[in-house]
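Text of query-v6.pdb (PDB, C-alpha atoms, pLDDT in the B column) as supplied:
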ATOM      1  CA  MET T   1      95.903 -56.939 184.598  1.00 94.00           C
ATOM      2  CA  VAL T   2      93.439 -58.701 182.319  1.00 96.00           C
ATOM      3  CA  ASN T   3      90.304 -57.258 180.713  1.00 97.00           C
ATOM      4  CA  ILE T   4      87.064 -59.241 181.010  1.00 98.00           C
ATOM      5  CA  TYR T   5      83.431 -58.282 180.522  1.00 97.00           C
ATOM      6  CA  LEU T   6      81.381 -58.618 183.699  1.00 96.00           C
ATOM      7  CA  ASN T   7      77.635 -58.360 183.140  1.00 93.00           C
ATOM      8  CA  GLY T   8      78.350 -56.513 179.893  1.00 93.00           C
ATOM      9  CA  LYS T   9      80.812 -53.986 181.320  1.00 95.00           C
ATOM     10  CA  LYS T  10      84.557 -53.997 180.777  1.00 97.00           C
ATOM     11  CA  LYS T  11      86.448 -54.758 183.978  1.00 96.00           C
ATOM     12  CA  ASP T  12      90.134 -55.098 184.807  1.00 97.00           C
ATOM     13  CA  ILE T  13      91.025 -58.060 187.027  1.00 97.00           C
ATOM     14  CA  GLU T  14      94.267 -59.510 188.311  1.00 96.00           C
ATOM     15  CA  GLU T  15      95.914 -62.051 186.033  1.00 96.00           C
ATOM     16  CA  GLY T  16      95.246 -65.606 187.219  1.00 96.00           C
ATOM     17  CA  MET T  17      91.990 -64.699 188.976  1.00 98.00           C
ATOM     18  CA  ASN T  18      89.398 -67.467 189.185  1.00 98.00           C
ATOM     19  CA  ILE T  19      85.630 -67.271 189.587  1.00 98.00           C
ATOM     20  CA  SER T  20      85.808 -67.695 193.377  1.00 97.00           C
ATOM     21  CA  ASP T  21      88.213 -64.741 193.566  1.00 98.00           C
ATOM     22  CA  LEU T  22      85.936 -62.623 191.368  1.00 97.00           C
ATOM     23  CA  LEU T  23      82.931 -63.372 193.560  1.00 96.00           C
ATOM     24  CA  PHE T  24      84.942 -62.539 196.688  1.00 96.00           C
ATOM     25  CA  VAL T  25      86.197 -59.168 195.452  1.00 95.00           C
ATOM     26  CA  ASN T  26      82.643 -58.278 194.386  1.00 92.00           C
ATOM     27  CA  ARG T  27      81.274 -59.375 197.789  1.00 93.00           C
ATOM     28  CA  ILE T  28      78.938 -61.949 196.271  1.00 92.00           C
ATOM     29  CA  ARG T  29      78.148 -65.189 198.068  1.00 89.00           C
ATOM     30  CA  PRO T  30      78.483 -68.140 195.650  1.00 90.00           C
ATOM     31  CA  GLU T  31      75.248 -69.719 196.858  1.00 85.00           C
ATOM     32  CA  VAL T  32      73.097 -66.800 195.649  1.00 85.00           C
ATOM     33  CA  VAL T  33      74.346 -66.593 192.076  1.00 90.00           C
ATOM     34  CA  VAL T  34      74.872 -68.683 188.983  1.00 92.00           C
ATOM     35  CA  VAL T  35      78.000 -67.827 187.011  1.00 95.00           C
ATOM     36  CA  GLU T  36      78.221 -68.036 183.238  1.00 96.00           C
ATOM     37  CA  VAL T  37      81.496 -67.700 181.369  1.00 97.00           C
ATOM     38  CA  ASN T  38      81.229 -67.211 177.623  1.00 96.00           C
ATOM     39  CA  GLU T  39      77.564 -68.302 177.719  1.00 92.00           C
ATOM     40  CA  LYS T  40      78.261 -71.556 179.583  1.00 94.00           C
ATOM     41  CA  ILE T  41      77.074 -72.173 183.139  1.00 93.00           C
ATOM     42  CA  ILE T  42      79.983 -73.072 185.409  1.00 94.00           C
ATOM     43  CA  GLU T  43      79.337 -75.629 188.136  1.00 93.00           C
ATOM     44  CA  ARG T  44      79.982 -74.245 191.585  1.00 92.00           C
ATOM     45  CA  ASN T  45      82.577 -76.921 192.393  1.00 94.00           C
ATOM     46  CA  LYS T  46      84.627 -75.654 189.427  1.00 96.00           C
ATOM     47  CA  TYR T  47      84.745 -71.980 190.466  1.00 97.00           C
ATOM     48  CA  LYS T  48      88.255 -72.244 191.959  1.00 97.00           C
ATOM     49  CA  ASP T  49      89.567 -74.146 188.930  1.00 97.00           C
ATOM     50  CA  THR T  50      88.112 -71.781 186.335  1.00 98.00           C
ATOM     51  CA  ILE T  51      90.775 -69.183 185.613  1.00 98.00           C
ATOM     52  CA  LEU T  52      89.480 -66.113 183.800  1.00 98.00           C
ATOM     53  CA  ILE T  53      91.344 -64.958 180.723  1.00 98.00           C
ATOM     54  CA  ALA T  54      91.334 -61.849 178.541  1.00 97.00           C
ATOM     55  CA  ASP T  55      88.005 -61.005 176.924  1.00 97.00           C
ATOM     56  CA  ASP T  56      86.009 -63.618 178.866  1.00 98.00           C
ATOM     57  CA  LYS T  57      82.354 -62.680 179.098  1.00 97.00           C
ATOM     58  CA  VAL T  58      81.220 -63.340 182.671  1.00 97.00           C
ATOM     59  CA  GLU T  59      77.622 -63.043 183.803  1.00 95.00           C
ATOM     60  CA  PHE T  60      76.356 -63.202 187.370  1.00 94.00           C
ATOM     61  CA  VAL T  61      72.785 -64.454 187.153  1.00 89.00           C
ATOM     62  CA  TYR T  62      70.476 -64.031 190.113  1.00 80.00           C
ATOM     63  CA  TYR T  63      67.143 -65.793 190.406  1.00 66.00           C
ATOM     64  CA  MET T  64      64.166 -63.781 191.490  1.00 60.00           C
ATOM     65  CA  GLY T  65      60.556 -64.680 191.365  1.00 55.00           C
ATOM     66  CA  GLY T  66      57.851 -66.239 193.369  1.00 54.00           C
ATOM     67  CA  GLY T  67      55.450 -69.105 193.475  1.00 54.00           C
ATOM     68  CA  GLU T  68      55.918 -72.840 193.334  1.00 54.00           C
ATOM     69  CA  ARG T  69      56.816 -72.995 189.642  1.00 55.00           C
ATOM     70  CA  GLU T  70      59.767 -70.619 189.983  1.00 58.00           C
ATOM     71  CA  LEU T  71      60.896 -72.317 193.189  1.00 60.00           C
ATOM     72  CA  GLY T  72      61.042 -75.677 191.387  1.00 64.00           C
ATOM     73  CA  LEU T  73      63.135 -74.169 188.598  1.00 65.00           C
ATOM     74  CA  VAL T  74      65.506 -72.540 191.071  1.00 65.00           C
ATOM     75  CA  LYS T  75      65.982 -75.828 192.936  1.00 65.00           C
ATOM     76  CA  HIS T  76      66.693 -77.650 189.687  1.00 65.00           C
ATOM     77  CA  VAL T  77      69.275 -75.118 188.493  1.00 67.00           C
ATOM     78  CA  LEU T  78      70.978 -74.948 191.888  1.00 67.00           C
ATOM     79  CA  GLU T  79      71.225 -78.754 192.050  1.00 67.00           C
ATOM     80  CA  PHE T  80      72.634 -78.831 188.519  1.00 64.00           C
ATOM     81  CA  ILE T  81      75.475 -76.458 189.349  1.00 63.00           C
ATOM     82  CA  GLY T  82      76.212 -78.135 192.671  1.00 63.00           C
ATOM     83  CA  ASN T  83      74.756 -75.558 195.054  1.00 60.00           C
ATOM     84  CA  LYS T  84      73.075 -76.757 198.218  1.00 56.00           C
ATOM     85  CA  TYR T  85      69.833 -75.044 199.121  1.00 52.00           C
ATOM     86  CA  THR T  86      67.327 -74.895 201.908  1.00 51.00           C
ATOM     87  CA  PHE T  87      63.850 -73.545 201.466  1.00 50.00           C
ATOM     88  CA  ASP T  88      61.350 -73.402 204.305  1.00 45.00           C
TER      89      ASP T  88
END
Here is a file; write its structure as structure tokens.
Amino acid sequence: MVNIYLNGKKKDIEEGMNISDLLFVNRIRPEVVVVEVNEKIIERNKYKDTILIADDKVEFVYYMGGGERELGLVKHVLEFIGNKYTFD
């Protein structure tokens, strides 16, 4: 087992776990969250390659808001990290 900090709380995870695994065990769909590790945003296409190690600080960041301004920001961030989006 390895200790990480997930959204500020200590959490034990299996050694060798990657971000995709962490999202899966927490029942979080990758397309609805941005993941930061040690204060750096991880691109979605790197989730499987990013192995978590002891004392990593992982944050799941969810976007909430409304209006055109926030929607533009969300689209920009999602494009940056490689997420596909559809907004109707």
Exercise for the section: Between CA of Glu36 in chain T and CA of Lys57 in chain T, measure the distance and give it in Å to one decimal. Expected result: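 A separation of 7.9 Å between them.
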Exercise for the section: Measure the distance from CA of Ile13 in chain T to CA of Arg44 in chain T in Å and round it to one decimal. Expected result: 20.1 Å
Practice task
Just give me the gap between CA of Val32 in chain T and CA of Glu14 in chain T in Å, one decimal is fine.
Solution key: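 Going from CA of Val32 in chain T over to CA of Glu14 in chain T covers 23.6 Å.
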Problem - Given all atoms listed in the file as the counted atoms, nearest of T:Ile28, T:Val58, T:Met1, T:Ile19 to Lys40 in chain T - result: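 Smallest separation from Lys40 in chain T among the options: T:Val58.
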Problem - Residue members of the PyMOL selection byres ((chain T and resi 12) around 6) in the file shown, as number ranges by chain - result: T: 2-3, 11, 13
How would the residues just chosen look if you wrote them out with C-alpha atoms as a PDB file, keeping the file's coordinate frame?
ATOM      1  CA  VAL T   2      93.439 -58.701 182.319  1.00 96.00           C
ATOM      2  CA  ASN T   3      90.304 -57.258 180.713  1.00 97.00           C
ATOM      3  CA  LYS T  11      86.448 -54.758 183.978  1.00 96.00           C
ATOM      4  CA  ILE T  13      91.025 -58.060 187.027  1.00 97.00           C
TER       5      ILE T  13
END
Skipping near chain neighbours, those fewer than 5 positions away, what residues fall within 7 Å of Val61 in chain T using all atoms listed in the file, listed as a PDB file with C-alpha atoms, in the coordinates of the input?
ATOM      1  CA  VAL T  33      74.346 -66.593 192.076  1.00 90.00           C
ATOM      2  CA  VAL T  34      74.872 -68.683 188.983  1.00 92.00           C
ATOM      3  CA  VAL T  35      78.000 -67.827 187.011  1.00 95.00           C
TER       4      VAL T  35
END
Completion exercise
Of T:Lys10, T:Tyr5, T:Val25, T:Asn18, the one nearest to Ile51 in chain T when counting all atoms listed in the file is T:Asn18
Draw an axis-aligned box over all listed atoms of range 22-32 of chain T, pad each side with 8 Å, and write its centre and edge lengths in Å, one decimal, as AutoDock Vina command-line options.
--center_x 79.6 --center_y -64.0 --center_z 194.7 --size_x 29.1 --size_y 27.4 --size_z 22.7
Handout entry: Shortest interatomic distance to Leu52 in chain T - which of T:Glu31, T:Asn26, T:Ser20, T:Glu39, counting only C-alpha atoms
Key = T:Ser20
